[in-house]
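Printed here is work00.cif (mmCIF, C-alpha atoms and all ligand atoms):
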data_entry
loop_
_atom_site.label_atom_id
_atom_site.label_comp_id
_atom_site.auth_asym_id
_atom_site.auth_seq_id
_atom_site.Cartn_x
_atom_site.Cartn_y
_atom_site.Cartn_z
CA MET Y 1 -1.03 -15.31 25.94
CA HIS Y 2 -0.21 -14.92 22.27
CA PRO Y 3 3.38 -13.58 22.04
CA GLY Y 4 2.24 -10.76 19.76
CA ALA Y 5 -0.37 -9.65 22.28
CA ALA Y 6 2.19 -9.71 25.11
CA ALA Y 7 4.51 -7.49 23.09
CA LEU Y 8 1.66 -5.12 22.29
CA LEU Y 9 0.78 -4.81 25.95
CA ARG Y 10 4.39 -3.93 26.73
CA LEU Y 11 4.14 -1.19 24.13
CA LEU Y 12 0.94 0.25 25.56
CA PRO Y 13 2.51 2.36 28.36
CA LEU Y 14 4.73 4.01 25.72
CA VAL Y 15 1.74 4.68 23.57
CA GLY Y 16 -0.10 6.12 26.59
CA LEU Y 17 2.67 8.67 27.05
CA VAL Y 18 2.55 9.94 23.51
CA ALA Y 19 -1.25 9.81 23.42
CA CYS Y 20 -1.33 12.65 26.00
CA HIS Y 21 -0.27 15.04 23.27
CA GLY Y 22 -3.57 14.32 21.55
CA VAL Y 23 -4.37 13.53 17.95
CA PRO Y 24 -4.43 16.63 15.75
CA ALA Y 25 -7.88 17.62 14.54
CA PRO Y 26 -8.51 16.78 10.87
CA PRO Y 27 -7.57 19.87 8.87
CA THR Y 28 -10.21 21.64 6.82
CA ALA Y 29 -7.91 21.88 3.79
CA PRO Y 30 -6.54 18.70 2.21
CA PRO Y 31 -3.31 17.66 3.95
CA THR Y 32 -0.11 18.18 2.01
CA PRO Y 33 3.06 16.13 2.36
CA PRO Y 34 5.79 17.65 4.50
CA THR Y 35 7.92 19.98 2.40
CA THR Y 36 10.43 21.34 4.93
CA ALA Y 37 13.89 19.79 5.09
CA PRO Y 38 15.19 17.57 6.61
CA ASP Y 39 13.00 14.71 5.42
CA HIS Y 40 12.93 11.99 8.09
CA ARG Y 41 10.77 9.64 6.06
CA ARG Y 42 12.27 6.22 5.42
CA SER Y 43 11.09 3.30 3.32
CA GLY Y 44 10.60 -0.02 5.12
CA TYR Y 45 13.63 -1.08 3.09
CA ASP Y 46 15.87 1.00 5.37
CA PHE Y 47 14.68 -0.94 8.45
CA MET Y 48 15.59 -4.37 6.98
CA SER Y 49 18.64 -6.57 7.42
CA PRO Y 50 21.38 -6.27 4.73
CA ALA Y 51 20.51 -9.80 3.51
CA THR Y 52 16.83 -8.93 2.92
CA GLN Y 53 17.83 -5.66 1.27
CA ALA Y 54 20.12 -7.59 -1.10
CA LEU Y 55 17.24 -9.91 -1.99
CA GLN Y 56 15.13 -6.93 -3.03
CA ARG Y 57 17.90 -5.30 -5.05
CA ASP Y 58 18.82 -8.36 -7.12
CA ASP Y 59 16.14 -9.15 -9.72
CA SER Y 60 17.56 -12.64 -10.29
CA ALA Y 61 17.03 -13.43 -6.57
CA ASN Y 62 13.92 -11.32 -5.76
CA PRO Y 63 11.07 -13.87 -5.60
CA GLY Y 64 8.57 -11.12 -6.53
CA MET Y 65 9.95 -11.25 -10.08
CA LEU Y 66 8.23 -14.64 -10.57
CA TRP Y 67 4.86 -12.89 -10.27
CA VAL Y 68 6.07 -10.12 -12.58
CA GLN Y 69 6.90 -12.74 -15.22
CA GLY Y 70 3.43 -14.27 -14.89
CA GLY Y 71 1.99 -10.77 -15.27
CA GLN Y 72 4.01 -10.14 -18.40
CA GLN Y 73 2.53 -13.23 -20.05
CA ARG Y 74 -0.99 -12.16 -19.12
CA PHE Y 75 -0.26 -8.64 -20.33
CA GLU Y 76 0.85 -9.92 -23.72
CA ALA Y 77 -2.28 -12.06 -24.01
CA ASP Y 78 -4.92 -9.59 -22.79
CA CYS Y 79 -3.66 -6.02 -22.70
CA LYS Y 80 -1.13 -5.25 -25.36
CA THR Y 81 -3.68 -4.43 -28.06
CA CYS Y 82 -4.23 -1.18 -26.14
CA HIS Y 83 -1.22 -0.63 -23.84
CA THR Y 84 2.56 -0.92 -24.04
CA PRO Y 85 4.63 -1.44 -20.88
CA ASP Y 86 6.22 1.98 -21.54
CA SER Y 87 2.83 3.68 -21.64
CA LEU Y 88 2.17 2.35 -18.13
CA ARG Y 89 5.34 3.90 -16.68
CA GLY Y 90 4.30 6.45 -14.06
CA VAL Y 91 0.83 4.98 -13.50
CA ALA Y 92 1.30 3.01 -10.23
CA PRO Y 93 2.72 5.93 -8.15
CA ARG Y 94 -0.37 8.04 -8.82
CA TYR Y 95 -2.96 5.45 -7.71
CA PRO Y 96 -5.59 5.34 -6.19
CA ALA Y 97 -7.07 7.61 -8.86
CA PHE Y 98 -10.54 8.91 -9.63
CA ASP Y 99 -12.76 6.89 -11.98
CA THR Y 100 -15.36 9.11 -13.64
CA VAL Y 101 -17.76 6.26 -14.44
CA LEU Y 102 -17.89 4.98 -10.85
CA GLY Y 103 -17.59 8.53 -9.49
CA LYS Y 104 -15.05 7.46 -6.86
CA PRO Y 105 -11.38 6.57 -6.44
CA VAL Y 106 -10.10 3.12 -7.39
CA THR Y 107 -6.85 1.35 -6.52
CA LEU Y 108 -4.45 0.14 -9.20
CA ALA Y 109 -5.80 -3.41 -8.85
CA GLY Y 110 -9.33 -1.98 -9.10
CA ARG Y 111 -8.36 -0.11 -12.29
CA ILE Y 112 -6.91 -3.27 -13.86
CA ASN Y 113 -10.11 -5.13 -13.04
CA LEU Y 114 -12.17 -2.31 -14.61
CA CYS Y 115 -10.12 -2.68 -17.80
CA ARG Y 116 -10.80 -6.37 -17.73
CA GLN Y 117 -14.54 -5.76 -17.48
CA ARG Y 118 -14.84 -2.74 -19.78
CA HIS Y 119 -12.25 -3.45 -22.43
CA VAL Y 120 -11.49 -7.19 -22.33
CA GLN Y 121 -15.17 -8.00 -21.64
CA GLN Y 122 -14.46 -10.61 -19.00
CA ALA Y 123 -15.73 -11.07 -15.44
CA PRO Y 124 -13.54 -9.31 -12.83
CA TRP Y 125 -10.93 -11.38 -11.04
CA PRO Y 126 -11.52 -12.00 -7.33
CA TRP Y 127 -9.51 -9.73 -4.98
CA ASP Y 128 -6.26 -11.43 -3.98
CA SER Y 129 -6.42 -13.72 -7.06
CA GLU Y 130 -3.04 -14.64 -8.51
CA ALA Y 131 -4.00 -13.28 -11.95
CA LEU Y 132 -4.78 -9.81 -10.60
CA LEU Y 133 -1.72 -9.83 -8.38
CA GLU Y 134 0.55 -10.82 -11.27
CA LEU Y 135 -0.77 -8.09 -13.55
CA GLU Y 136 -0.55 -5.51 -10.77
CA ALA Y 137 3.07 -6.57 -10.13
CA PHE Y 138 3.86 -6.21 -13.83
CA VAL Y 139 2.24 -2.77 -14.10
CA ALA Y 140 3.89 -1.67 -10.82
CA LEU Y 141 7.37 -2.70 -12.01
CA GLN Y 142 7.16 -0.24 -14.93
CA SER Y 143 7.33 2.70 -12.48
CA ARG Y 144 10.33 1.57 -10.46
CA GLY Y 145 12.44 4.51 -9.24
CA LEU Y 146 9.81 7.19 -9.94
CA PRO Y 147 8.60 9.32 -7.00
CA LEU Y 148 5.16 8.69 -5.49
CA LEU Y 149 2.95 11.60 -6.49
CA PRO Y 150 1.00 13.73 -4.02
CA VAL Y 151 -2.79 13.68 -4.23
CA THR Y 152 -3.75 16.82 -6.15
CA ASP Y 153 -7.03 15.86 -7.89
CA PRO Y 154 -9.75 17.78 -5.95
CA ARG Y 155 -12.20 14.92 -6.59
CA LEU Y 156 -10.04 12.78 -4.26
CA HIS Y 157 -9.98 15.13 -1.28
CA ILE Y 158 -12.96 13.73 0.61
CA ALA Y 159 -11.56 10.19 0.40
CA LEU Y 160 -8.11 11.50 1.37
CA LEU Y 161 -9.50 13.12 4.53
CA GLN Y 162 -11.40 9.91 5.31
CA GLY Y 163 -8.10 8.02 4.97
CA GLN Y 164 -6.36 10.45 7.30
CA ARG Y 165 -9.13 10.05 9.88
CA LEU Y 166 -8.88 6.24 9.70
CA TRP Y 167 -5.12 6.56 10.21
CA GLN Y 168 -5.62 8.51 13.44
CA GLN Y 169 -8.58 6.58 14.82
CA PRO Y 170 -8.01 4.09 17.70
CA LEU Y 171 -8.82 0.61 16.39
CA GLY Y 172 -9.81 -2.76 17.82
CA GLN Y 173 -9.69 -4.17 21.32
CA LEU Y 174 -6.24 -2.66 21.85
CA GLN Y 175 -7.49 0.81 20.84
CA LEU Y 176 -4.28 1.65 18.98
CA SER Y 177 -4.28 3.82 15.86
CA CYS Y 178 -2.07 3.34 12.82
CA ALA Y 179 -0.47 6.69 13.72
CA GLN Y 180 0.40 5.58 17.27
CA CYS Y 181 2.54 2.74 15.95
CA HIS Y 182 3.83 4.15 12.67
CA ASP Y 183 4.22 7.90 13.38
CA GLN Y 184 5.09 7.75 17.07
CA GLN Y 185 6.78 4.37 17.63
CA ALA Y 186 8.55 3.80 14.30
CA GLY Y 187 12.01 2.33 14.75
CA ARG Y 188 11.08 0.53 18.01
CA ARG Y 189 10.89 -3.26 18.21
CA LEU Y 190 7.56 -5.06 18.52
CA ALA Y 191 7.34 -8.88 18.80
CA GLY Y 192 10.68 -9.32 17.04
CA SER Y 193 9.95 -6.86 14.19
CA THR Y 194 11.02 -3.25 13.80
CA ILE Y 195 8.00 -0.97 13.44
CA PRO Y 196 8.47 0.74 10.07
CA GLN Y 197 7.09 4.18 9.16
CA ALA Y 198 4.57 2.36 6.93
CA HIS Y 199 5.35 3.93 3.58
CA ALA Y 200 3.61 1.80 0.97
CA THR Y 201 6.28 2.26 -1.70
CA GLY Y 202 6.75 -1.32 -2.86
CA TYR Y 203 3.40 -3.10 -3.32
CA PRO Y 204 2.56 -5.70 -4.34
CA LEU Y 205 5.57 -7.09 -2.46
CA TYR Y 206 7.11 -10.41 -1.46
CA ARG Y 207 6.93 -11.04 2.27
CA LEU Y 208 9.21 -13.69 3.70
CA GLU Y 209 6.57 -14.38 6.36
CA TRP Y 210 3.92 -15.04 3.69
CA GLN Y 211 6.28 -16.94 1.39
CA ALA Y 212 4.36 -15.16 -1.35
CA LEU Y 213 3.71 -11.88 -3.09
CA GLY Y 214 0.79 -10.00 -1.56
CA PRO Y 215 -1.12 -6.76 -2.09
CA LEU Y 216 -1.12 -3.77 0.26
CA GLN Y 217 -4.54 -4.70 1.61
CA ARG Y 218 -3.18 -8.01 2.87
CA ARG Y 219 -0.50 -6.12 4.82
CA LEU Y 220 -3.08 -3.68 6.24
CA ARG Y 221 -5.39 -6.55 7.23
CA GLY Y 222 -2.44 -8.00 9.16
CA CYS Y 223 -1.98 -4.72 11.05
CA MET Y 224 -5.71 -4.55 11.84
CA ASN Y 225 -5.69 -8.15 13.09
CA GLY Y 226 -2.70 -7.24 15.24
CA VAL Y 227 -4.79 -4.74 17.24
CA ARG Y 228 -7.76 -7.15 17.29
CA ALA Y 229 -9.81 -4.98 14.94
CA GLU Y 230 -12.17 -6.40 12.34
CA ALA Y 231 -10.73 -5.71 8.89
CA PHE Y 232 -12.90 -3.96 6.28
CA ALA Y 233 -14.56 -6.12 3.62
CA HIS Y 234 -12.68 -6.83 0.38
CA GLY Y 235 -13.07 -3.92 -2.00
CA ALA Y 236 -14.45 -1.58 0.72
CA ASP Y 237 -14.02 2.17 0.15
CA GLU Y 238 -12.13 2.42 3.46
CA TRP Y 239 -9.16 0.58 1.94
CA VAL Y 240 -9.04 2.98 -0.98
CA ALA Y 241 -9.18 5.94 1.44
CA LEU Y 242 -6.34 4.51 3.56
CA GLU Y 243 -4.25 3.84 0.45
CA LEU Y 244 -4.76 7.44 -0.68
CA TRP Y 245 -3.59 8.74 2.67
CA LEU Y 246 -0.55 6.42 2.57
CA ARG Y 247 0.31 7.78 -0.90
CA GLN Y 248 0.07 11.36 0.38
CA ARG Y 249 2.35 10.61 3.38
CA ALA Y 250 4.91 8.93 1.11
CA ALA Y 251 4.76 11.47 -1.76
CA GLY Y 252 8.25 12.02 -3.15
CA LEU Y 253 9.72 8.72 -1.92
CA PRO Y 254 10.83 6.38 -4.73
CA TRP Y 255 8.57 3.60 -5.99
CA GLU Y 256 10.31 0.22 -5.43
CA ALA Y 257 7.87 -2.57 -6.43
CA PRO Y 258 8.25 -5.50 -6.25
CA ALA Y 259 9.79 -4.92 -2.81
CA VAL Y 260 10.78 -7.64 -0.32
CA ARG Y 261 9.84 -7.39 3.37
CA PRO Y 262 10.43 -9.70 6.38
C1 LIG N 301 0.65 -2.26 17.14
C2 LIG N 301 1.39 -1.50 16.19
C3 LIG N 301 0.82 -1.36 14.79
C4 LIG N 301 -0.40 -0.79 14.43
C5 LIG N 301 -1.49 -0.25 15.35
C6 LIG N 301 -0.42 -0.80 13.00
N1 LIG N 301 0.71 -1.36 12.48
FE1 LIG N 301 1.28 -1.38 10.53
N2 LIG N 301 2.96 -2.47 11.03
C7 LIG N 301 3.36 -2.79 12.30
C8 LIG N 301 4.57 -3.60 12.24
C9 LIG N 301 5.33 -4.17 13.45
C10 LIG N 301 4.88 -3.73 10.87
C11 LIG N 301 6.07 -4.51 10.27
C12 LIG N 301 5.85 -5.99 10.40
C13 LIG N 301 7.00 -6.83 9.97
O1 LIG N 301 7.91 -6.35 9.29
O2 LIG N 301 6.97 -8.00 10.32
C14 LIG N 301 3.86 -3.00 10.14
C15 LIG N 301 3.84 -2.83 8.75
C16 LIG N 301 3.01 -1.96 8.07
C17 LIG N 301 3.15 -1.59 6.68
C18 LIG N 301 4.22 -2.12 5.73
C19 LIG N 301 5.31 -1.13 5.42
C20 LIG N 301 6.25 -1.61 4.35
O3 LIG N 301 7.42 -1.23 4.40
O4 LIG N 301 5.84 -2.36 3.46
C21 LIG N 301 2.13 -0.74 6.39
C22 LIG N 301 1.84 -0.08 5.05
C23 LIG N 301 1.34 -0.57 7.61
N3 LIG N 301 1.92 -1.31 8.60
C24 LIG N 301 0.20 0.21 7.70
C25 LIG N 301 -0.62 0.25 8.84
C26 LIG N 301 -1.93 0.87 8.87
C27 LIG N 301 -2.62 1.57 7.69
C28 LIG N 301 -2.41 0.71 10.14
C29 LIG N 301 -3.77 1.10 10.68
C30 LIG N 301 -4.91 0.48 10.02
C31 LIG N 301 -1.39 0.00 10.89
N4 LIG N 301 -0.35 -0.28 10.07
C32 LIG N 301 -1.48 -0.30 12.24
C33 LIG N 301 2.72 -2.36 13.48
C34 LIG N 301 1.50 -1.73 13.55
C1 LIG N 302 -9.51 -2.45 -25.72
C2 LIG N 302 -8.50 -1.60 -25.11
C3 LIG N 302 -7.98 -1.97 -23.72
C4 LIG N 302 -7.55 -3.19 -23.27
C5 LIG N 302 -7.58 -4.53 -23.97
C6 LIG N 302 -7.04 -2.95 -21.94
N1 LIG N 302 -7.16 -1.64 -21.61
FE1 LIG N 302 -6.41 -0.73 -19.96
N2 LIG N 302 -7.20 1.04 -20.53
C7 LIG N 302 -7.91 1.25 -21.70
C8 LIG N 302 -8.48 2.60 -21.68
C9 LIG N 302 -9.34 3.22 -22.76
C10 LIG N 302 -8.08 3.18 -20.44
C11 LIG N 302 -8.46 4.57 -19.91
C12 LIG N 302 -9.48 4.42 -18.78
C13 LIG N 302 -10.78 3.77 -19.18
O1 LIG N 302 -11.38 4.18 -20.18
O2 LIG N 302 -11.20 2.79 -18.51
C14 LIG N 302 -7.26 2.18 -19.77
C15 LIG N 302 -6.64 2.39 -18.56
C16 LIG N 302 -5.78 1.49 -17.94
C17 LIG N 302 -4.97 1.76 -16.79
C18 LIG N 302 -4.88 3.09 -16.06
C19 LIG N 302 -3.95 4.00 -16.81
C20 LIG N 302 -3.86 5.37 -16.20
O3 LIG N 302 -3.15 6.20 -16.82
O4 LIG N 302 -4.45 5.64 -15.15
C21 LIG N 302 -4.29 0.61 -16.49
C22 LIG N 302 -3.30 0.39 -15.34
C23 LIG N 302 -4.69 -0.39 -17.45
N3 LIG N 302 -5.59 0.18 -18.33
C24 LIG N 302 -4.27 -1.70 -17.46
C25 LIG N 302 -4.76 -2.66 -18.32
C26 LIG N 302 -4.42 -4.07 -18.20
C27 LIG N 302 -3.51 -4.67 -17.13
C28 LIG N 302 -5.09 -4.70 -19.22
C29 LIG N 302 -5.11 -6.19 -19.51
C30 LIG N 302 -5.81 -7.00 -18.51
C31 LIG N 302 -5.79 -3.69 -19.98
N4 LIG N 302 -5.60 -2.48 -19.39
C32 LIG N 302 -6.52 -3.94 -21.13
C33 LIG N 302 -8.04 0.35 -22.73
C34 LIG N 302 -7.74 -1.00 -22.67
#

Now that the file is in, can you turn its structure into structure tokens?
Amino acid sequence: MHPGAAALLRLLPLVGLVACHGVPAPPTAPPTPPTTAPDHRRSGYDFMSPATQALQRDDSANPGMLWVQGGQQRFEADCKTCHTPDSLRGVAPRYPAFDTVLGKPVTLAGRINLCRQRHVQQAPWPWDSEALLELEAFVALQSRGLPLLPVTDPRLHIALLQGQRLWQQPLGQLQLSCAQCHDQQAGRRLAGSTIPQAHATGYPLYRLEWQALGPLQRRLRGCMNGVRAEAFAHGADEWVALELWLRQRAAGLPWEAPAVRP
């Protein structure tokens, strides 16, 4: 048996216990982030070893900065006629955001690709392409330290509720939901990793396991594969909905891209 699967099966009885309490029904009003003290939310950073934390903190050692540098060069070539890095401060922590032309929310990478099509008049980059990742990393860096913003635009509420439902829905052959691992089992060990609370505060980020910088969707695909669920197609609206819900859950936590994770 795959070692990951064995570890998951060991976790299942625990999950069974908490599952008895039932999954709360989706609220009729848009969910708001918890406001009552104390705040028990923790970035994945807090669950890492001191050595990995040090790698994230030191820009001269953080491998994610290589992608940022690539993004800076692309930015100077293609974007600086219309944007300055300063003008993009505060943008990443309020994405996904609504695009009026498409009539639906787009992720930060999606927005950059729209600029490429609409304003640079070039074909969009493929999802997961290095060019898109580098530019996203450069734009994301500008917001370091700012709090993630709650979702307040009413045009986003349907997608936000869809994201919350996906979060609570049992997935794949193992029939585990994101919430069962990340809300109910966070802090426990699974196949050699600590289950984090899954606050997406540092994407795109450098994962030691990938030996590369990767976008949030790559991380989420990994979690879906872990429960033997078929991941959504590239660019599917479900990803945008899940990202919106993750932003809402993490609202107020500091933005830390490019983060480092095990
Ligand atoms: C079986 C348990 C399990 C399930 C179910 C699961 N995950 Fe995860 N997830 C993990 C583990 C373990 C990690 C950390 C892996 C590591 O560090 O090697 C992780 C990491 C993450 C992270 C990265 C957090 C950070 O600090 O960067 C996010 C975001 C995330 N998961 C979201 C999700 C979403 C969304 C779902 C549902 C589609 C989901 N997960 C389902 C176990 C799970
Ligand atoms: C010719 C001008 C122009 C160029 C070149 C351009 N953009 Fe834009 N950008 C805009 C405009 C205008 C908007 C506002 C939304 C819209 O109209 O699409 C925007 C919006 C954005 C946003 C969202 C800002 C927000 O507040 O939500 C980001 C991020 C962005 N651009 C990144 C880029 C990147 C990266 C490039 C280079 C690949 C680029 N843009 C090239 C004009 C441009």

CA of Arg207 (chain Y) and CA of Arg261 (chain Y) are how many Å apart? 4.8 Å

For ligand LIG 301 (chain N), collect every residue having any atom at a distance of at most 8 Å from a ligand atom (counting only C-alpha atoms and all ligand atoms); output as a VMD selection string. chain Y and resid 8 11 43 to 45 166 to 167 171 176 to 182 189 to 203 205 209 216 219 to 224 226 to 227 242 to 243 246 259 261 to 262

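Between ligand LIG 302 (chain N) and the candidates Y:Leu156, Y:Cys79, Y:Ala250, Y:Val68, the tightest atom-to-atom separation, counting all atoms listed in the file, involves Y:Cys79.
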
Dump as a Markdown table the rows for residues of chain Y within 7 Å of ligand LIG 302 (chain N): closest atom pair and distance in Å with one decimal, only C-alpha atoms and all ligand atoms counted, ordered by chain and rising residue number.
| residue | atom | partner | partner_atom | distance |
| --- | --- | --- | --- | --- |
| Y:Phe75 | CA | N:LIG302 | C29 | 5.5 |
| Y:Asp78 | CA | N:LIG302 | C29 | 4.7 |
| Y:Cys79 | CA | N:LIG302 | C29 | 3.5 |
| Y:Lys80 | CA | N:LIG302 | C5 | 6.6 |
| Y:Thr81 | CA | N:LIG302 | C5 | 5.7 |
| Y:Cys82 | CA | N:LIG302 | C2 | 4.4 |
| Y:His83 | CA | N:LIG302 | N1 | 6.4 |
| Y:Leu88 | CA | N:LIG302 | C22 | 6.4 |
| Y:Val91 | CA | N:LIG302 | O3 | 5.3 |
| Y:Leu108 | CA | N:LIG302 | C22 | 6.3 |
| Y:Arg111 | CA | N:LIG302 | C21 | 5.9 |
| Y:Ile112 | CA | N:LIG302 | C24 | 4.7 |
| Y:Leu114 | CA | N:LIG302 | O2 | 6.5 |
| Y:Cys115 | CA | N:LIG302 | FE1 | 4.7 |
| Y:Arg116 | CA | N:LIG302 | C30 | 5.1 |
| Y:Arg118 | CA | N:LIG302 | O2 | 6.7 |
| Y:His119 | CA | N:LIG302 | C1 | 4.4 |
| Y:Val120 | CA | N:LIG302 | C5 | 5.0 |
| Y:Leu135 | CA | N:LIG302 | C27 | 5.7 |
| Y:Val139 | CA | N:LIG302 | C22 | 6.5 |

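With distances restricted to only C-alpha atoms, Y:Leu141 is the closest residue to Arg89 (chain Y) from Y:Ala61, Y:Ala77, Y:Ala241, Y:Leu141.
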
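Going from CA of Arg94 (chain Y) over to CA of Leu148 (chain Y), you cover 6.5 Å.
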
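Minimum atom-to-atom distances from Y:Gly110, Y:Gln175, Y:Arg57, Y:Phe98 to Ile158 (chain Y) were compared using only C-alpha atoms, and the lowest value belongs to Y:Phe98.
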
What lies within 9 Å of His234 (chain Y) using only C-alpha atoms, ignoring chain neighbours under 2 positions off, as a PyMOL selection string? chain Y and resi 127+217+231-232+236+239

Would you mind exporting C-alpha atoms of the selected residues as a JSON list (two decimals), in the frame of the given file?
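Resulting contents of again_35.json:
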[["chain", "number", "residue", "atom", "x", "y", "z"],
["Y", 127, "TRP", "CA", -9.51, -9.73, -4.98],
["Y", 217, "GLN", "CA", -4.54, -4.70, 1.61],
["Y", 231, "ALA", "CA", -10.73, -5.71, 8.89],
["Y", 232, "PHE", "CA", -12.90, -3.96, 6.28],
["Y", 236, "ALA", "CA", -14.45, -1.58, 0.72],
["Y", 239, "TRP", "CA", -9.16, 0.58, 1.94]]

Interatomic distance, CA of Leu55 (chain Y) to CA of Asp39 (chain Y) (Å, one decimal): 26.1 Å

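Among Y:Gln117, Y:Thr100, Y:Gln211, Y:Gln248, the residue with the shortest atom-to-atom distance to Val151 (chain Y), counting all atoms listed in the file, is Y:Gln248.
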
Need the axis-aligned box for region 172-177 of chain Y with 4 Å each side, so what are the centre and edges in Å to one decimal, as lines of an AutoDock Vina configuration file?
center_x = -7.0
center_y = -0.2
center_z = 18.9
size_x = 13.5
size_y = 16.0
size_z = 14.0

Using the atoms already present, construct N, CA and C atoms for region 241-253 of chain Y and hand them back as a PDB file, in the coordinates of the input.
ATOM      1  N   ALA Y 241      -9.464   4.702   0.708  1.00  0.00           N
ATOM      2  CA  ALA Y 241      -9.180   5.940   1.440  1.00  0.00           C
ATOM      3  C   ALA Y 241      -7.837   5.828   2.181  1.00  0.00           C
ATOM      4  N   LEU Y 242      -7.613   4.700   2.850  1.00  0.00           N
ATOM      5  CA  LEU Y 242      -6.340   4.510   3.560  1.00  0.00           C
ATOM      6  C   LEU Y 242      -5.157   4.512   2.593  1.00  0.00           C
ATOM      7  N   GLU Y 243      -5.339   3.866   1.450  1.00  0.00           N
ATOM      8  CA  GLU Y 243      -4.250   3.840   0.450  1.00  0.00           C
ATOM      9  C   GLU Y 243      -3.939   5.237  -0.055  1.00  0.00           C
ATOM     10  N   LEU Y 244      -4.990   6.058  -0.230  1.00  0.00           N
ATOM     11  CA  LEU Y 244      -4.760   7.440  -0.680  1.00  0.00           C
ATOM     12  C   LEU Y 244      -3.942   8.204   0.343  1.00  0.00           C
ATOM     13  N   TRP Y 245      -4.319   8.043   1.614  1.00  0.00           N
ATOM     14  CA  TRP Y 245      -3.590   8.740   2.670  1.00  0.00           C
ATOM     15  C   TRP Y 245      -2.137   8.248   2.728  1.00  0.00           C
ATOM     16  N   LEU Y 246      -1.920   6.947   2.560  1.00  0.00           N
ATOM     17  CA  LEU Y 246      -0.550   6.420   2.570  1.00  0.00           C
ATOM     18  C   LEU Y 246       0.246   7.019   1.408  1.00  0.00           C
ATOM     19  N   ARG Y 247      -0.397   7.181   0.247  1.00  0.00           N
ATOM     20  CA  ARG Y 247       0.310   7.780  -0.900  1.00  0.00           C
ATOM     21  C   ARG Y 247       0.713   9.216  -0.571  1.00  0.00           C
ATOM     22  N   GLN Y 248      -0.220   9.966   0.048  1.00  0.00           N
ATOM     23  CA  GLN Y 248       0.070  11.360   0.380  1.00  0.00           C
ATOM     24  C   GLN Y 248       1.253  11.454   1.360  1.00  0.00           C
ATOM     25  N   ARG Y 249       1.263  10.577   2.381  1.00  0.00           N
ATOM     26  CA  ARG Y 249       2.350  10.610   3.380  1.00  0.00           C
ATOM     27  C   ARG Y 249       3.693  10.275   2.745  1.00  0.00           C
ATOM     28  N   ALA Y 250       3.659   9.429   1.695  1.00  0.00           N
ATOM     29  CA  ALA Y 250       4.910   8.930   1.110  1.00  0.00           C
ATOM     30  C   ALA Y 250       5.290   9.710  -0.152  1.00  0.00           C
ATOM     31  N   ALA Y 251       4.506  10.750  -0.500  1.00  0.00           N
ATOM     32  CA  ALA Y 251       4.760  11.470  -1.760  1.00  0.00           C
ATOM     33  C   ALA Y 251       6.207  11.913  -1.828  1.00  0.00           C
ATOM     34  N   GLY Y 252       6.851  11.636  -2.949  1.00  0.00           N
ATOM     35  CA  GLY Y 252       8.250  12.020  -3.150  1.00  0.00           C
ATOM     36  C   GLY Y 252       9.219  10.873  -2.922  1.00  0.00           C
ATOM     37  N   LEU Y 253       8.832   9.879  -2.124  1.00  0.00           N
ATOM     38  CA  LEU Y 253       9.720   8.720  -1.920  1.00  0.00           C
ATOM     39  C   LEU Y 253       9.699   7.866  -3.200  1.00  0.00           C
TER      40      LEU Y 253
END
